[in-house]
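The structure under discussion appears below in the form of structure tokens.
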2 protein chains.
Amino acid sequence: MRARVFVTLKPSVFDPQGRTIVEALHSLGYDSVEDVRQGKYFELDLATTDEGKARALAADVADKLLANPIIESYRIEIG
Amino acid sequence: MRARVFVTLKPSVFDPQGRTIVEALHSLGYDSVEDVRQGKYFELDLATTDEGKARALAADVADKLLANPIIESYRIEIG
């Protein structure tokens with residue numbers, strides 16, 4: 001079963017990568033892009049067919065290794 | 001309107017970051033995580049309310065700036 005984990009900086013945390021991308025886009029003429037936030041994306045292949053177990057395992061892994069809970073939050077999608 | 005862009009290495013391209021994460025997880029006892037692929041995730045705030053235009057703009061931006069089409073592919077979700 002596949003779990004997808006999206007890790008993003010919390011809204012209150014400044015995102016210099018996203019800011020740089022917006023400025024680059026504006027200099028290329030893409031003025032209708034108002035804001036960009038960059039995050040990380042992980043695809044986990046899990047040896048389980050139980051959706052609840054997959055979600056719990058992905059959350060555990062995100063807490064321990066994939067996200068820094070001080071400045072980042074994450075979201076999980078299963079399937 | 002918000003567009004979400006997921007950039008991942010093409011399946012044929014070796015992902016050393018993902019490999020390192022799997023090995024770290026196995027050493028922590030998470031043996032049921034069989035594989036990990038790491039990618040990038042972008043949230044774009046766009047000054048349009050037309051879904052078609054938002055998707056076209058996000059694809060243009062992904063082609064030009066967010067993804068390297070030689071080794072990466074991307075997927076776009078709107079809304």
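Residues are named by chain letter and number: chains run A, B, ... in the order of the structure tokens, numbers start at 1 in each chain, and ligands are numbered from 1 in the order shown.
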Go ahead and align chain B to chain A (same sequence, so just pair every C-alpha in order, least squares) and export the moved chain as a PDB file with C-alpha atoms, in the first residue's frame.
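Ended up saving to part-v4.pdb:
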```pdb
ATOM      1  CA  MET B   1       0.018   0.005  -0.005  1.00  0.00           C
ATOM      2  CA  ARG B   2       1.279   3.463  -0.876  1.00  0.00           C
ATOM      3  CA  ALA B   3       1.285   6.420   1.499  1.00  0.00           C
ATOM      4  CA  ARG B   4       2.023   9.952   0.335  1.00  0.00           C
ATOM      5  CA  VAL B   5       3.382  12.401   2.903  1.00  0.00           C
ATOM      6  CA  PHE B   6       3.465  16.155   2.264  1.00  0.00           C
ATOM      7  CA  VAL B   7       5.670  18.170   4.596  1.00  0.00           C
ATOM      8  CA  THR B   8       5.334  21.949   4.572  1.00  0.00           C
ATOM      9  CA  LEU B   9       6.653  24.744   6.720  1.00  0.00           C
ATOM     10  CA  LYS B  10       4.061  26.016   9.179  1.00  0.00           C
ATOM     11  CA  PRO B  11       2.307  29.160   7.911  1.00  0.00           C
ATOM     12  CA  SER B  12       4.063  31.336  10.509  1.00  0.00           C
ATOM     13  CA  VAL B  13       7.525  30.217   9.343  1.00  0.00           C
ATOM     14  CA  PHE B  14       9.215  32.281   6.620  1.00  0.00           C
ATOM     15  CA  ASP B  15       9.923  30.243   3.454  1.00  0.00           C
ATOM     16  CA  PRO B  16      12.955  31.746   1.686  1.00  0.00           C
ATOM     17  CA  GLN B  17      12.944  29.103  -1.074  1.00  0.00           C
ATOM     18  CA  GLY B  18       9.337  29.862  -1.932  1.00  0.00           C
ATOM     19  CA  ARG B  19      10.057  33.604  -1.833  1.00  0.00           C
ATOM     20  CA  THR B  20      12.981  33.173  -4.231  1.00  0.00           C
ATOM     21  CA  ILE B  21      10.801  31.160  -6.622  1.00  0.00           C
ATOM     22  CA  VAL B  22       8.093  33.872  -6.626  1.00  0.00           C
ATOM     23  CA  GLU B  23      10.685  36.537  -7.385  1.00  0.00           C
ATOM     24  CA  ALA B  24      12.175  34.434 -10.200  1.00  0.00           C
ATOM     25  CA  LEU B  25       8.692  33.900 -11.661  1.00  0.00           C
ATOM     26  CA  HIS B  26       7.883  37.626 -11.502  1.00  0.00           C
ATOM     27  CA  SER B  27      11.149  38.419 -13.276  1.00  0.00           C
ATOM     28  CA  LEU B  28      10.100  35.900 -15.966  1.00  0.00           C
ATOM     29  CA  GLY B  29       6.771  37.719 -16.375  1.00  0.00           C
ATOM     30  CA  TYR B  30       4.510  35.374 -14.384  1.00  0.00           C
ATOM     31  CA  ASP B  31       2.887  38.149 -12.382  1.00  0.00           C
ATOM     32  CA  SER B  32      -0.281  36.154 -11.699  1.00  0.00           C
ATOM     33  CA  VAL B  33       1.642  33.819  -9.383  1.00  0.00           C
ATOM     34  CA  GLU B  34       1.017  35.572  -6.064  1.00  0.00           C
ATOM     35  CA  ASP B  35       2.781  33.250  -3.643  1.00  0.00           C
ATOM     36  CA  VAL B  36       4.748  29.998  -3.586  1.00  0.00           C
ATOM     37  CA  ARG B  37       5.454  27.704  -0.653  1.00  0.00           C
ATOM     38  CA  GLN B  38       7.932  24.884  -1.108  1.00  0.00           C
ATOM     39  CA  GLY B  39       7.701  21.625   0.772  1.00  0.00           C
ATOM     40  CA  LYS B  40       8.836  18.028   0.642  1.00  0.00           C
ATOM     41  CA  TYR B  41       6.962  15.089  -0.765  1.00  0.00           C
ATOM     42  CA  PHE B  42       7.499  11.417   0.086  1.00  0.00           C
ATOM     43  CA  GLU B  43       6.021   8.269  -1.419  1.00  0.00           C
ATOM     44  CA  LEU B  44       6.218   5.319   0.985  1.00  0.00           C
ATOM     45  CA  ASP B  45       5.616   1.729  -0.137  1.00  0.00           C
ATOM     46  CA  LEU B  46       4.285  -0.116   2.900  1.00  0.00           C
ATOM     47  CA  ALA B  47       3.978  -3.872   3.472  1.00  0.00           C
ATOM     48  CA  THR B  48       0.378  -3.706   4.667  1.00  0.00           C
ATOM     49  CA  THR B  49      -3.042  -3.753   3.030  1.00  0.00           C
ATOM     50  CA  ASP B  50      -4.842  -2.172   6.005  1.00  0.00           C
ATOM     51  CA  GLU B  51      -5.509   1.530   5.431  1.00  0.00           C
ATOM     52  CA  GLY B  52      -5.619   2.353   9.134  1.00  0.00           C
ATOM     53  CA  LYS B  53      -2.294   0.635   9.799  1.00  0.00           C
ATOM     54  CA  ALA B  54      -0.736   2.305   6.764  1.00  0.00           C
ATOM     55  CA  ARG B  55      -1.854   5.738   7.978  1.00  0.00           C
ATOM     56  CA  ALA B  56      -0.602   5.093  11.525  1.00  0.00           C
ATOM     57  CA  LEU B  57       2.767   3.867  10.242  1.00  0.00           C
ATOM     58  CA  ALA B  58       3.159   6.818   7.883  1.00  0.00           C
ATOM     59  CA  ALA B  59       2.318   9.244  10.713  1.00  0.00           C
ATOM     60  CA  ASP B  60       4.854   7.562  12.983  1.00  0.00           C
ATOM     61  CA  VAL B  61       7.546   7.771  10.314  1.00  0.00           C
ATOM     62  CA  ALA B  62       6.678  11.405   9.562  1.00  0.00           C
ATOM     63  CA  ASP B  63       6.892  12.317  13.262  1.00  0.00           C
ATOM     64  CA  LYS B  64      10.204  10.539  13.785  1.00  0.00           C
ATOM     65  CA  LEU B  65      12.104  11.181  10.565  1.00  0.00           C
ATOM     66  CA  LEU B  66      10.413  13.104   7.758  1.00  0.00           C
ATOM     67  CA  ALA B  67       9.188  16.275   9.452  1.00  0.00           C
ATOM     68  CA  ASN B  68      10.559  18.646  12.054  1.00  0.00           C
ATOM     69  CA  PRO B  69       7.474  19.244  14.221  1.00  0.00           C
ATOM     70  CA  ILE B  70       8.825  22.553  15.545  1.00  0.00           C
ATOM     71  CA  ILE B  71       8.621  24.318  12.187  1.00  0.00           C
ATOM     72  CA  GLU B  72       6.871  21.869   9.847  1.00  0.00           C
ATOM     73  CA  SER B  73       3.491  20.217   9.564  1.00  0.00           C
ATOM     74  CA  TYR B  74       2.554  17.251   7.407  1.00  0.00           C
ATOM     75  CA  ARG B  75      -0.432  15.700   5.685  1.00  0.00           C
ATOM     76  CA  ILE B  76      -0.876  12.048   4.731  1.00  0.00           C
ATOM     77  CA  GLU B  77      -2.840  10.508   1.857  1.00  0.00           C
ATOM     78  CA  ILE B  78      -3.271   6.742   1.516  1.00  0.00           C
ATOM     79  CA  GLY B  79      -3.799   4.723  -1.659  1.00  0.00           C
TER      80      GLY B  79
END
```
Give the strand (DSSP E) residues of chain B, as assigned by DSSP on the backbone, as a ChimeraX atom specification.
/B:2-9,33-46,72-78
Would you mind writing down, as a PyMOL selection string, each residue of chain A that DSSP on the backbone assigns to alpha helix (DSSP H)?
chain A and resi 16-27+51-61
